[in-house]
Amino acid sequence: MDIRSAAIDLGLISPEIIILASAMVVLLLGTVLKSRGLMAFLSLLGLVVGLVLVLQQWSQPQSGYYGMVLKDNFSVFFSVVFIMTAIITLLMARDYLIAKHIDRHEFYTLLMFSTVGMMLMAGSTDLVVIFLGLEIMSVPLYVMAGMNKIDPKSNESGIKYFMIGAFASSFLVFGIALLYGASGTTDLRRIMADFSFLKMQSELLLYSGALLVMTGFAFKVAAVPFHMWVPDVYEGAPTPVTGFFSVGPKAAGFAALLRICVYGFSGMAELTAVFWLLAVLTMVVGNVLAIFQNNIKRMLAYSSIAHAGYILVALTAGGEGAVSSAVYYLLAYMFFNLGGFTIVTIIDSRTGSNSQIDEIKGLAGRHPYLASLLALFMFALAGFPPTAGFMGKFYIFSEAVRNGFVWLTVIAVMNSLVSVFYYLRVVVAAFFGKPDQEFSPVSFSPALFIALLVTAVGTLALGCFPGYWLELSQMSMFPII
Amino acid sequence: MNHSLYLIILLPLLGFLLNGLLLGRLKKGFVSFIACASVGLSFVWGVKVFFELLAMPEGARAIQETLFTWIPAGQFQVDFSLLFDPLSSVMVLVVAGVSFIIHIYSIGYMHDDPGFGRYFTYLNLFVFAMLTLVLADNYLLMFVGWEGVGLCSYLLIGFWFEKKSASDAGKKAFIVNRIGDFGFLIGLFIIFWQVGSLNYADVFARAPEVFAVGGGVITAATLLLFLGATGKSAQIPLFVWLPDAMEGPTPVSALIHAATMVTAGVYMIARSNVLFMMAPTTLAVVAIVGLATALMAATIALAQNDIKRVLAYSTISQLGYMFAACGVAAFAAGIFHLMTHAFFKALLFLGSGSVIHAMAGQQDMRYMGGLKKQQPATFVTFFIATLAIAGIPGFSGFFSKDEILWKSFSSDFGSPILWAVGLFTAILTAFYMFRLVYLTFYGEGRMDNHTKAHLHESPKVMTVPLMVLAVLSVIGGYVGIPHVLGGSNRFEQFLHPVMTGLHGGADTSEHVLTSAGHSAGTELTLMIGSVVLILIAIYMAYYLYLKNIDLAGRIRNNLSGVHALLHGKYFVDEIYGALIIRPLINGSLFLWKIIDVFVIDGIANGLASIVGDISTGVRPVQTGTMRTYATMILAGAVVLIGYFIIR
Amino acid sequence: MASYAAVLIFLLLGIGLVLVTFFTARLIRPSNPYKEKNQTYECGERPFGDSWVQFNNRFYIFALLFVIFDVEVVFLFPWAVAFNQLGLFALIEMVIFIVILVFGLVYAWKKGVLKWV
């Protein structure tokens, strides 16, 4: 067979190549040049070029490398989310890294490596490639969590994430192996095509494999009971990294889950019950435990668990509408969650900060605009109109109801009711709290301004004018090709 | 014809954006000018469209305007579109009009407040949200407005957040309202699930095909909608937030917590009359809850000493009336009372604000008295409003309240018992309102000398709005003179096309519910009887609180148990605290302890101490914890797969 | 299923063989321990101290670098064997692969990993 022509198409993976190349250039240049600002700029440039290249691929589904790489609208949509997440993280991280004396160029490299891993995860229907992507994404994350070497908590975060992550990966690999044993292939499209036959022939292998694969990704999206690492890791990691954790890997995990479970195993009706249970557990545990947190990063960690629960509601509902609602929610979640983290990062950059909710007290008196934005993001997280949070939740819940999951919806709405309580606490602290001492002002840079602008505009645009974005998310459904 | 409906909501939004973005950079005069002008223009535009609406033929009075497709086609389509029909036109005029008057008043009332700009910013946002709520042509947009007004209410209750009680009250309002919103949202999802749309027109047109009359689904959906209404409109069991909401500035109490926002629940039910008419059980619940709330709040109001709290309970009570009207399928009467109530209750609150202003912040009526002389304008207008709320013939409250009482007696859904409870409440209302007037404006001044020396009439910018509202409180009722008094109840006729639930969609000029089987004589007898009883109640108030003050004290002492119960507002807050909030907190704390403390720390520490003995080099807690985490993952996977194998 | 039976038998045989040899060895071997014999075997060198010591964690990074280039060879061998059939394109691919690895080496070098302080 001629290896050269048919399969290899560099244009197909040009965004990944560009981002990887700039990551490596930054890695090397950083050892020679001292200017970290230049490194950040180069990384930003690489990511933006990658974003532009990805956008070119919209609406032109193509496949290559013997079907290992698939660039349909679904993967393009997610790639955009990943790259945007990386860009916003980069923008918000700069000042924090400087303030904490960990402004190392490796941070930018790792960020980009991880982004490429996510893009691979979303851009394939082959389980082996998805797994490769997962590992390329995860390994840099472990290092990023432990970036702040002199902070024991950061070290703890990194080592914990690494150990538990490796453990969870083993489930995934085992699951893939079982699936291969059952079907003789790792390509989801072929598993799906022969599903009923395979089910008849080797149901136990197939189902065990599917469930183990699901476990592996449930870990990444932090579904209960695979969530326990989340609070510790989120609390210890440097704040911008936590922001990145709570959006990027989660979206990537959901991309894979959507591909595998809603598409690949659409014939496996029993999965609905599993998702139902996972969704309920995840929402309830996330929301209830978030109430008691005094550390804002820990609170947001539990909140991100709860949000994974809402998206699992969409997965439970299944079907095309549910996929597009999950995709829409992830896009919306990216904006308001990163927005929230940007502000937490800004506040955390002050010396002596410990990310306690009490430290936000008096923010409104000193920085009214920042406090208003914080309120906006918190209300979006709580699901208030006219923010993106409301639209996203509304879309997911109405899809669930439309498919007859009324009780699940009732539970979900009750949960979002509970969630108001702890998001409100942050707003109350910012606006109504009396600071113990004078609120020490935060420093503000153009990069932070851009990050806040993008996230705030996104949060409002997706809430007030959801039409265009909903159409995009509906166009991102598979199967294509 | 282009009516540019969007201007009505756009203008307050612009005002909000201008004032909000330039917060702290504008002079006070300019801030108040922007705020008042935006709302005023919005009102003017509303009036203009209203006349255009009137010019249309009666059956076709509806202006619909789609601004843009909000959620595109696909599973469901929702447009961002506005609907100006008789029902929403009444609401728009009341909301924009009263808001404008209260904006003007606020210039004077808030003049020395450091948060002047912030106040008007919130207020404009509120007007925008409220107008969106009433102008929406689908439930989703209505819900957006619904949440928006809730948010503004929260911001304005906690406006003086330096006071802990204020920010606590704000939080309470917000959280109690969320319970109602939960019901509302689930109700919407059920409707969407069954009908496949949230547009009023689609829902109402398809409801008869989709739902069985009196069926479980429609009953559940309407009950859930009603739960939403009880939250927003402070009915049993969710009324507890409204009295605390009086922590906000008085004009806010007048605008949001008396005239407009709290009536959103009534509007929503009147709007959904088609659905509610299909669920007789829900209607009965609405009527009973409404009247029970009216009665309970009126009795509490008897024993309160804080002038604003009396008015707050009075508001709850009057809202109960409106729900009672909806519950007996007299939606038009409910909206009628909503309108007249907006006038006289706004006036009462603004009047009390004027009094509090003069009393330098004192709100306790036991330290007032004799203010008639110092505040003539306030007194006269306040007195007019009191006559209106008491239901004295000739004033607006008489017409609307009588309409409700009569409908609760004569409607197919009514009964003499409902009427009797309603009448008793009306008598109590007259009593406690005149108690308030006598304690505040008549008799000897009981304030200290320093305050006494500083008593003054409020400035023109505050008294002129009072006068305007006073005029409205008198004439507001004449749009709905009942047939028995020689009128033609034009108000009900005007709203008739919207009340499709009452006449099965076909537009007939025949009024199904008008005094079927009851003679005009009965109606007249009941009307006169109730007026006489109300007059007696007023005399009793006069006798007890002006003529023979000792007697009131004696009665209070002899009935100390009852008084304590009423003064303590039936201890509902305490009961909720003991029955719901405490167990909830304990429950979640327990859960937290189980999961976080017991499972993680407990097992972890247990394991850790064993592990720690073996390997001293590694930090023991973390090893243990990670093991737990890994064990949980393993256990989760095993349970999942085990379930499939055993199954 | 029949094909798996062979695996099972092979597995059992494998385990069994080990157990049997150990057991027979224990039966027939002479037992004569003394101090020198119980010492850790270190390629004929005289051992110093216990073998349970903390290693300098620089070894760890050396080990990592070693593993990376060790694994690289796994790719290089099959490529070298089939070099004639694969042609120019595979050569370029392999060069890219090695260049990427060299990037890593240069980075490590620059970071001073290879210097023993």
# chains A, B, ... in the order shown; residues from 1 in each chain; ligands from 1

$ residues_around --residues "Ala400 in chain A" --least-positions-apart "3" --cutoff "7 Å" --atoms "only C-alpha atoms" --output "VMD selection string"
chain A and resid 313 to 314 317 396 to 397 403 to 405 409

$ write_last_selection --atoms "C-alpha atoms" --output "compact mmCIF listing (two decimals), in the first residue's frame"
# COMPACT_ATOMS: atom_id res chain seq x y z
CA VAL A 313 -28.73 15.52 32.19
CA ALA A 314 -28.39 16.28 28.50
CA ALA A 317 -31.85 12.69 27.47
CA ILE A 396 -30.82 21.30 28.42
CA PHE A 397 -33.81 20.99 30.73
CA ASN A 403 -37.68 13.27 25.97
CA GLY A 404 -39.87 12.52 28.94
CA PHE A 405 -37.39 12.86 31.80
CA THR A 409 -35.72 17.84 35.27

$ closest_atom_pairs --of "chain A" --to "chain B" --cutoff "6 Å" --atoms "only C-alpha atoms" --output "tab-separated table"
residue	atom	partner	partner_atom	distance
A:Ser208	CA	B:Ile641	CA	5.9
A:Phe226	CA	B:Ile633	CA	5.1
A:Met228	CA	B:Tyr629	CA	5.6
A:Pro385	CA	B:Val144	CA	5.3
A:Val401	CA	B:Trp193	CA	5.8
A:Arg402	CA	B:Trp193	CA	5.2
A:Phe432	CA	B:Phe161	CA	5.5
A:Phe465	CA	B:Trp70	CA	6.0
A:Gly467	CA	B:Ile71	CA	4.5

$ residues_around --residues "Leu198 in chain A" --least-positions-apart "6" --cutoff "9 Å" --atoms "only C-alpha atoms" --output "list in words"
Ala182, Ser183, Ile191 and Leu206 of chain A

$ residues_around --residues "Phe100 in chain B" --least-positions-apart "5" --cutoff "12 Å" --atoms "only C-alpha atoms" --output "count of residues only"
31

$ residues_around --residues "Val437 in chain B" --least-positions-apart "2" --cutoff "9 Å" --atoms "only C-alpha atoms" --output "list in words"
Gly369, Phe379, Phe382, Phe383, Thr386, Tyr432, Met433, Phe434, Arg435, Leu439, Thr440, Phe441 and Tyr442 of chain B

$ write_last_selection --atoms "C-alpha atoms" --output "compact mmCIF listing (two decimals), in the first residue's frame"
# COMPACT_ATOMS: atom_id res chain seq x y z
CA GLY B 369 -49.76 61.52 66.34
CA PHE B 379 -52.60 64.06 55.48
CA PHE B 382 -53.21 59.85 52.76
CA PHE B 383 -56.78 60.13 53.98
CA THR B 386 -57.36 55.29 53.21
CA TYR B 432 -56.66 48.78 60.82
CA MET B 433 -56.28 51.48 58.19
CA PHE B 434 -58.23 53.97 60.26
CA ARG B 435 -56.31 52.88 63.32
CA LEU B 439 -52.59 57.04 65.48
CA THR B 440 -50.51 58.96 62.98
CA PHE B 441 -52.36 62.10 62.10
CA TYR B 442 -54.86 62.70 64.92

$ residues_around --residues "range 101-106 of chain A" --least-positions-apart "2" --cutoff "10 Å" --atoms "only C-alpha atoms" --output "NGL selection string"
:A and (23-24 or 26-31 or 34-40 or 43 or 93-99 or 108-112 or 140 or 143-144 or 147-150 or 238)

$ write_last_selection --atoms "N, CA and C atoms" --output "mmCIF file, in the first residue's frame"
data_model
loop_
_atom_site.group_PDB
_atom_site.id
_atom_site.type_symbol
_atom_site.label_atom_id
_atom_site.label_comp_id
_atom_site.auth_asym_id
_atom_site.auth_seq_id
_atom_site.Cartn_x
_atom_site.Cartn_y
_atom_site.Cartn_z
ATOM 1 N N ALA A 23 4.501 25.843 20.460
ATOM 2 C CA ALA A 23 4.828 25.393 21.815
ATOM 3 C C ALA A 23 6.305 25.038 21.907
ATOM 4 N N MET A 24 6.810 24.337 20.903
ATOM 5 C CA MET A 24 8.208 23.917 20.980
ATOM 6 C C MET A 24 9.157 25.091 20.799
ATOM 7 N N VAL A 26 8.541 28.113 21.726
ATOM 8 C CA VAL A 26 8.544 28.824 23.005
ATOM 9 C C VAL A 26 9.404 28.080 24.017
ATOM 10 N N LEU A 27 9.313 26.774 23.991
ATOM 11 C CA LEU A 27 10.079 25.968 24.948
ATOM 12 C C LEU A 27 11.578 26.217 24.792
ATOM 13 N N LEU A 28 12.019 26.248 23.520
ATOM 14 C CA LEU A 28 13.453 26.434 23.299
ATOM 15 C C LEU A 28 13.880 27.873 23.495
ATOM 16 N N LEU A 29 13.108 28.798 22.898
ATOM 17 C CA LEU A 29 13.485 30.206 23.001
ATOM 18 C C LEU A 29 13.531 30.651 24.448
ATOM 19 N N GLY A 30 12.607 30.105 25.223
ATOM 20 C CA GLY A 30 12.548 30.490 26.629
ATOM 21 C C GLY A 30 13.821 30.194 27.380
ATOM 22 N N THR A 31 14.565 29.185 26.925
ATOM 23 C CA THR A 31 15.813 28.894 27.620
ATOM 24 C C THR A 31 16.897 29.885 27.257
ATOM 25 N N LYS A 34 15.313 36.035 27.888
ATOM 26 C CA LYS A 34 14.814 36.243 29.247
ATOM 27 C C LYS A 34 13.379 36.787 29.257
ATOM 28 N N SER A 35 12.942 37.402 28.145
ATOM 29 C CA SER A 35 11.656 38.091 28.166
ATOM 30 C C SER A 35 10.502 37.096 28.176
ATOM 31 N N ARG A 36 9.832 37.004 29.318
ATOM 32 C CA ARG A 36 8.693 36.095 29.417
ATOM 33 C C ARG A 36 7.481 36.673 28.702
ATOM 34 N N GLY A 37 7.426 38.011 28.642
ATOM 35 C CA GLY A 37 6.317 38.650 27.928
ATOM 36 C C GLY A 37 6.303 38.237 26.470
ATOM 37 N N LEU A 38 7.509 38.167 25.883
ATOM 38 C CA LEU A 38 7.616 37.760 24.478
ATOM 39 C C LEU A 38 7.122 36.327 24.311
ATOM 40 N N MET A 39 7.482 35.470 25.265
ATOM 41 C CA MET A 39 7.035 34.072 25.198
ATOM 42 C C MET A 39 5.517 34.005 25.227
ATOM 43 N N ALA A 40 4.934 34.776 26.129
ATOM 44 C CA ALA A 40 3.475 34.786 26.230
ATOM 45 C C ALA A 40 2.873 35.261 24.921
ATOM 46 N N SER A 43 3.118 32.600 22.244
ATOM 47 C CA SER A 43 2.130 31.549 22.488
ATOM 48 C C SER A 43 0.756 32.010 22.049
ATOM 49 N N ALA A 93 -3.552 34.535 33.120
ATOM 50 C CA ALA A 93 -2.486 33.956 33.931
ATOM 51 C C ALA A 93 -1.304 34.903 34.114
ATOM 52 N N ARG A 94 -1.020 35.699 33.095
ATOM 53 C CA ARG A 94 0.197 36.526 33.087
ATOM 54 C C ARG A 94 0.477 37.211 34.432
ATOM 55 N N ASP A 95 -0.468 38.052 34.835
ATOM 56 C CA ASP A 95 -0.203 38.848 36.029
ATOM 57 C C ASP A 95 -0.102 37.991 37.278
ATOM 58 N N TYR A 96 -0.910 36.938 37.305
ATOM 59 C CA TYR A 96 -0.882 36.044 38.460
ATOM 60 C C TYR A 96 0.488 35.390 38.572
ATOM 61 N N LEU A 97 0.989 34.894 37.445
ATOM 62 C CA LEU A 97 2.275 34.202 37.465
ATOM 63 C C LEU A 97 3.375 35.138 37.938
ATOM 64 N N ILE A 98 3.320 36.372 37.449
ATOM 65 C CA ILE A 98 4.345 37.325 37.870
ATOM 66 C C ILE A 98 4.239 37.582 39.362
ATOM 67 N N ALA A 99 2.984 37.791 39.812
ATOM 68 C CA ALA A 99 2.786 38.116 41.223
ATOM 69 C C ALA A 99 3.252 36.974 42.124
ATOM 70 N N TYR A 108 3.405 28.228 29.314
ATOM 71 C CA TYR A 108 2.742 28.441 28.024
ATOM 72 C C TYR A 108 2.871 27.201 27.145
ATOM 73 N N THR A 109 4.039 26.598 27.167
ATOM 74 C CA THR A 109 4.243 25.382 26.385
ATOM 75 C C THR A 109 3.272 24.290 26.818
ATOM 76 N N LEU A 110 3.203 24.093 28.118
ATOM 77 C CA LEU A 110 2.340 23.028 28.622
ATOM 78 C C LEU A 110 0.893 23.299 28.266
ATOM 79 N N LEU A 111 0.519 24.581 28.376
ATOM 80 C CA LEU A 111 -0.854 24.960 28.038
ATOM 81 C C LEU A 111 -1.172 24.557 26.602
ATOM 82 N N MET A 112 -0.231 24.814 25.718
ATOM 83 C CA MET A 112 -0.492 24.527 24.303
ATOM 84 C C MET A 112 -0.442 23.026 24.028
ATOM 85 N N PRO A 140 0.584 17.279 30.607
ATOM 86 C CA PRO A 140 0.901 18.671 30.922
ATOM 87 C C PRO A 140 0.062 19.221 32.077
ATOM 88 N N VAL A 143 1.634 18.579 35.397
ATOM 89 C CA VAL A 143 2.756 19.473 35.685
ATOM 90 C C VAL A 143 2.247 20.866 36.037
ATOM 91 N N MET A 144 1.229 21.317 35.270
ATOM 92 C CA MET A 144 0.708 22.661 35.534
ATOM 93 C C MET A 144 0.135 22.766 36.940
ATOM 94 N N MET A 147 2.811 23.614 39.331
ATOM 95 C CA MET A 147 3.700 24.687 38.867
ATOM 96 C C MET A 147 4.365 25.468 39.998
ATOM 97 N N ASN A 148 3.565 25.745 41.030
ATOM 98 C CA ASN A 148 4.098 26.586 42.090
ATOM 99 C C ASN A 148 4.903 25.714 43.052
ATOM 100 N N LYS A 149 6.190 25.563 42.737
ATOM 101 C CA LYS A 149 6.974 24.537 43.399
ATOM 102 C C LYS A 149 7.176 24.784 44.879
ATOM 103 N N ILE A 150 7.150 26.086 45.279
ATOM 104 C CA ILE A 150 7.431 26.341 46.690
ATOM 105 C C ILE A 150 6.167 26.252 47.538
ATOM 106 N N PRO A 238 -2.362 26.527 40.874
ATOM 107 C CA PRO A 238 -2.421 27.978 40.692
ATOM 108 C C PRO A 238 -3.769 28.368 40.077
#

$ interface_residues --of "chain C" --to "chain A" --cutoff "10 Å" --atoms "only C-alpha atoms" --output "list in words"
Leu86, Gly87, Leu88, Phe89, Ala90, Ile100, Phe103, Gly104, Val106, Tyr107, Ala108, Trp109, Lys110 and Lys111 of chain C

$ atom_distance --atom1 "CA of Leu141 in chain A" --atom2 "CA of Leu179 in chain A"
27.5 Å

$ closest_residue --among "A:Thr185, A:Thr455, A:Ser349, A:Gln474" --to "Met84 in chain A" --atoms "only C-alpha atoms"
A:Thr455

$ residues_around --residues "Tyr109 in chain B" --least-positions-apart "5" --cutoff "12 Å" --atoms "only C-alpha atoms" --output "list in words"
Ser32, Ile102, His103, Ile104, Phe116, Tyr119, Phe120, Pro249, Thr250, Pro251, Val252, Leu350, Gly351, Ser352, Gly353, Ser354, Val355, Ile356, His357, Ala358, Ala360, Gly361, Ser458, Pro459, Lys460, Val461, Met462, Thr463 and Pro465 of chain B

$ write_last_selection --atoms "N, CA and C atoms" --output "CSV table (one decimal), in the first residue's frame"
chain,number,residue,atom,x,y,z
B,32,SER,N,-31.0,62.1,37.9
B,32,SER,CA,-32.5,62.0,38.1
B,32,SER,C,-33.2,62.4,36.8
B,102,ILE,N,-43.3,57.7,41.0
B,102,ILE,CA,-42.4,57.4,42.1
B,102,ILE,C,-41.0,57.8,41.8
B,103,HIS,N,-40.6,57.8,40.6
B,103,HIS,CA,-39.3,58.3,40.2
B,103,HIS,C,-39.2,59.8,40.6
B,104,ILE,N,-40.2,60.6,40.3
B,104,ILE,CA,-40.2,62.0,40.7
B,104,ILE,C,-40.1,62.1,42.2
B,116,PHE,N,-27.3,57.8,45.6
B,116,PHE,CA,-28.3,58.4,44.7
B,116,PHE,C,-28.3,57.8,43.3
B,119,TYR,N,-29.1,54.1,43.1
B,119,TYR,CA,-30.6,53.9,43.4
B,119,TYR,C,-31.3,54.1,42.0
B,120,PHE,N,-31.1,55.1,41.3
B,120,PHE,CA,-31.8,55.3,40.1
B,120,PHE,C,-31.4,54.3,39.0
B,249,PRO,N,-35.7,51.4,50.8
B,249,PRO,CA,-36.2,52.8,50.8
B,249,PRO,C,-37.7,52.8,50.6
B,250,THR,N,-38.4,53.7,51.2
B,250,THR,CA,-39.9,53.7,51.1
B,250,THR,C,-40.4,53.8,49.7
B,251,PRO,N,-39.8,54.7,48.8
B,251,PRO,CA,-40.4,54.7,47.4
B,251,PRO,C,-40.2,53.3,46.7
B,252,VAL,N,-39.2,52.5,47.1
B,252,VAL,CA,-39.1,51.2,46.6
B,252,VAL,C,-40.2,50.3,47.1
B,350,LEU,N,-46.1,56.2,49.8
B,350,LEU,CA,-45.4,57.5,49.6
B,350,LEU,C,-45.7,58.4,50.7
B,351,GLY,N,-47.0,58.4,51.1
B,351,GLY,CA,-47.5,59.2,52.3
B,351,GLY,C,-46.7,58.8,53.5
B,352,SER,N,-46.6,57.5,53.8
B,352,SER,CA,-45.9,57.1,55.0
B,352,SER,C,-44.4,57.5,54.9
B,353,GLY,N,-43.9,57.5,53.6
B,353,GLY,CA,-42.5,58.0,53.4
B,353,GLY,C,-42.4,59.4,53.8
B,354,SER,N,-43.4,60.2,53.4
B,354,SER,CA,-43.4,61.6,53.8
B,354,SER,C,-43.4,61.8,55.3
B,355,VAL,N,-44.2,61.0,55.9
B,355,VAL,CA,-44.3,61.0,57.4
B,355,VAL,C,-42.9,60.7,58.0
B,356,ILE,N,-42.4,59.6,57.5
B,356,ILE,CA,-41.1,59.1,58.1
B,356,ILE,C,-40.0,60.1,57.9
B,357,HIS,N,-40.1,60.8,56.7
B,357,HIS,CA,-39.1,61.8,56.4
B,357,HIS,C,-39.2,62.9,57.4
B,358,ALA,N,-40.5,63.3,57.7
B,358,ALA,CA,-40.7,64.4,58.7
B,358,ALA,C,-40.3,63.9,60.1
B,360,ALA,N,-37.9,62.1,60.9
B,360,ALA,CA,-36.5,61.8,61.0
B,360,ALA,C,-36.2,60.3,61.1
B,361,GLY,N,-37.0,59.5,60.4
B,361,GLY,CA,-36.7,58.1,60.3
B,361,GLY,C,-37.5,57.2,61.3
B,458,SER,N,-43.3,67.9,53.5
B,458,SER,CA,-42.2,67.5,52.6
B,458,SER,C,-42.2,68.5,51.4
B,459,PRO,N,-41.1,68.5,50.7
B,459,PRO,CA,-41.0,69.5,49.5
B,459,PRO,C,-42.0,69.2,48.4
B,460,LYS,N,-42.2,70.1,47.5
B,460,LYS,CA,-43.1,70.0,46.4
B,460,LYS,C,-42.9,68.7,45.6
B,461,VAL,N,-41.6,68.4,45.4
B,461,VAL,CA,-41.3,67.3,44.5
B,461,VAL,C,-41.8,66.0,45.1
B,462,MET,N,-42.1,66.0,46.4
B,462,MET,CA,-42.7,64.8,47.0
B,462,MET,C,-44.2,64.9,47.1
B,463,THR,N,-44.7,66.1,47.4
B,463,THR,CA,-46.2,66.2,47.6
B,463,THR,C,-46.9,66.2,46.3
B,465,PRO,N,-46.4,64.4,43.5
B,465,PRO,CA,-46.7,63.0,43.2
B,465,PRO,C,-47.9,62.5,44.1

$ select_by_dssp --residues "range 130-249 of chain A" --states "alpha helix (DSSP H)" --output "PyMOL selection string"
chain A and resi 130-145+152-183+188-193+195-201+203-221+229-236+239-249

$ write_last_selection --atoms "C-alpha atoms" --output "compact mmCIF listing (two decimals), in the first residue's frame"
# COMPACT_ATOMS: atom_id res chain seq x y z
CA ILE A 130 -8.93 9.47 21.72
CA PHE A 131 -6.81 7.83 24.39
CA LEU A 132 -3.63 9.31 22.94
CA GLY A 133 -5.26 12.72 22.98
CA LEU A 134 -6.35 12.20 26.56
CA GLU A 135 -2.81 11.45 27.67
CA ILE A 136 -1.31 14.32 25.68
CA MET A 137 -3.84 16.54 27.39
CA SER A 138 -3.38 15.11 30.88
CA VAL A 139 0.37 14.92 31.34
CA PRO A 140 0.90 18.67 30.92
CA LEU A 141 -2.02 19.25 33.28
CA TYR A 142 -0.30 17.28 36.02
CA VAL A 143 2.76 19.47 35.69
CA MET A 144 0.71 22.66 35.53
CA ALA A 145 -1.08 21.75 38.75
CA PRO A 152 3.14 22.59 49.30
CA LYS A 153 -0.51 22.74 48.29
CA SER A 154 0.40 23.07 44.65
CA ASN A 155 2.74 20.10 44.96
CA GLU A 156 0.03 18.12 46.63
CA SER A 157 -2.37 19.06 43.85
CA GLY A 158 0.03 17.95 41.13
CA ILE A 159 0.94 14.63 42.67
CA LYS A 160 -2.65 13.80 43.52
CA TYR A 161 -3.87 14.65 40.07
CA PHE A 162 -1.11 12.58 38.54
CA MET A 163 -1.68 9.49 40.66
CA ILE A 164 -5.44 9.46 40.41
CA GLY A 165 -5.32 10.44 36.76
CA ALA A 166 -3.02 7.54 35.93
CA PHE A 167 -5.27 5.24 37.91
CA ALA A 168 -8.35 6.37 36.01
CA SER A 169 -6.56 6.08 32.68
CA SER A 170 -5.96 2.44 33.38
CA PHE A 171 -9.73 1.88 33.47
CA LEU A 172 -10.03 3.58 30.14
CA VAL A 173 -7.33 1.47 28.52
CA PHE A 174 -8.78 -1.68 29.97
CA GLY A 175 -12.17 -0.71 28.64
CA ILE A 176 -10.76 -0.07 25.18
CA ALA A 177 -9.04 -3.44 25.30
CA LEU A 178 -12.30 -5.16 26.18
CA LEU A 179 -14.08 -3.36 23.39
CA TYR A 180 -11.39 -4.44 20.99
CA GLY A 181 -11.80 -7.96 22.23
CA ALA A 182 -15.51 -7.81 21.66
CA SER A 183 -15.50 -6.18 18.27
CA LEU A 188 -16.45 3.68 17.02
CA ARG A 189 -18.07 3.95 13.63
CA ARG A 190 -17.51 0.28 12.99
CA ILE A 191 -18.61 -0.69 16.48
CA MET A 192 -21.76 1.29 15.97
CA ALA A 193 -22.47 -0.27 12.59
CA PHE A 195 -23.68 -3.00 17.34
CA SER A 196 -26.64 -5.32 17.44
CA PHE A 197 -24.55 -8.19 16.10
CA LEU A 198 -21.79 -7.59 18.61
CA LYS A 199 -24.31 -7.31 21.39
CA MET A 200 -25.70 -10.71 20.53
CA GLN A 201 -22.29 -12.26 20.24
CA GLU A 203 -22.67 -8.67 25.31
CA LEU A 204 -20.69 -8.97 28.51
CA LEU A 205 -17.41 -7.91 26.96
CA LEU A 206 -19.01 -5.10 25.04
CA TYR A 207 -20.91 -3.68 27.97
CA SER A 208 -18.08 -4.01 30.44
CA GLY A 209 -15.81 -2.30 27.97
CA ALA A 210 -18.26 0.51 27.39
CA LEU A 211 -18.76 1.05 31.11
CA LEU A 212 -15.04 1.07 31.82
CA VAL A 213 -14.47 3.59 29.06
CA MET A 214 -17.25 5.64 30.53
CA THR A 215 -15.63 5.45 33.95
CA GLY A 216 -12.41 6.80 32.50
CA PHE A 217 -14.12 9.82 31.06
CA ALA A 218 -16.44 10.27 34.02
CA PHE A 219 -13.25 10.83 35.96
CA LYS A 220 -12.15 13.58 33.59
CA VAL A 221 -15.47 15.39 33.70
CA TRP A 229 -9.82 14.43 43.46
CA VAL A 230 -11.44 17.63 42.19
CA PRO A 231 -11.58 19.83 45.31
CA ASP A 232 -8.03 19.06 46.40
CA VAL A 233 -6.56 19.50 42.95
CA TYR A 234 -8.51 22.66 42.20
CA GLU A 235 -7.66 24.22 45.51
CA GLY A 236 -3.96 23.57 45.29
CA THR A 239 -5.70 29.83 40.15
CA PRO A 240 -5.54 30.35 36.36
CA VAL A 241 -4.63 26.68 36.00
CA THR A 242 -7.68 25.80 38.05
CA GLY A 243 -9.75 27.87 35.67
CA PHE A 244 -8.27 25.96 32.78
CA PHE A 245 -8.94 22.63 34.54
CA SER A 246 -12.53 23.44 35.16
CA VAL A 247 -13.26 24.14 31.50
CA GLY A 248 -10.77 22.58 29.11
CA PRO A 249 -10.39 18.97 30.25

$ atom_distance --atom1 "CA of Thr263 in chain B" --atom2 "CA of Lys232 in chain B"
7.8 Å
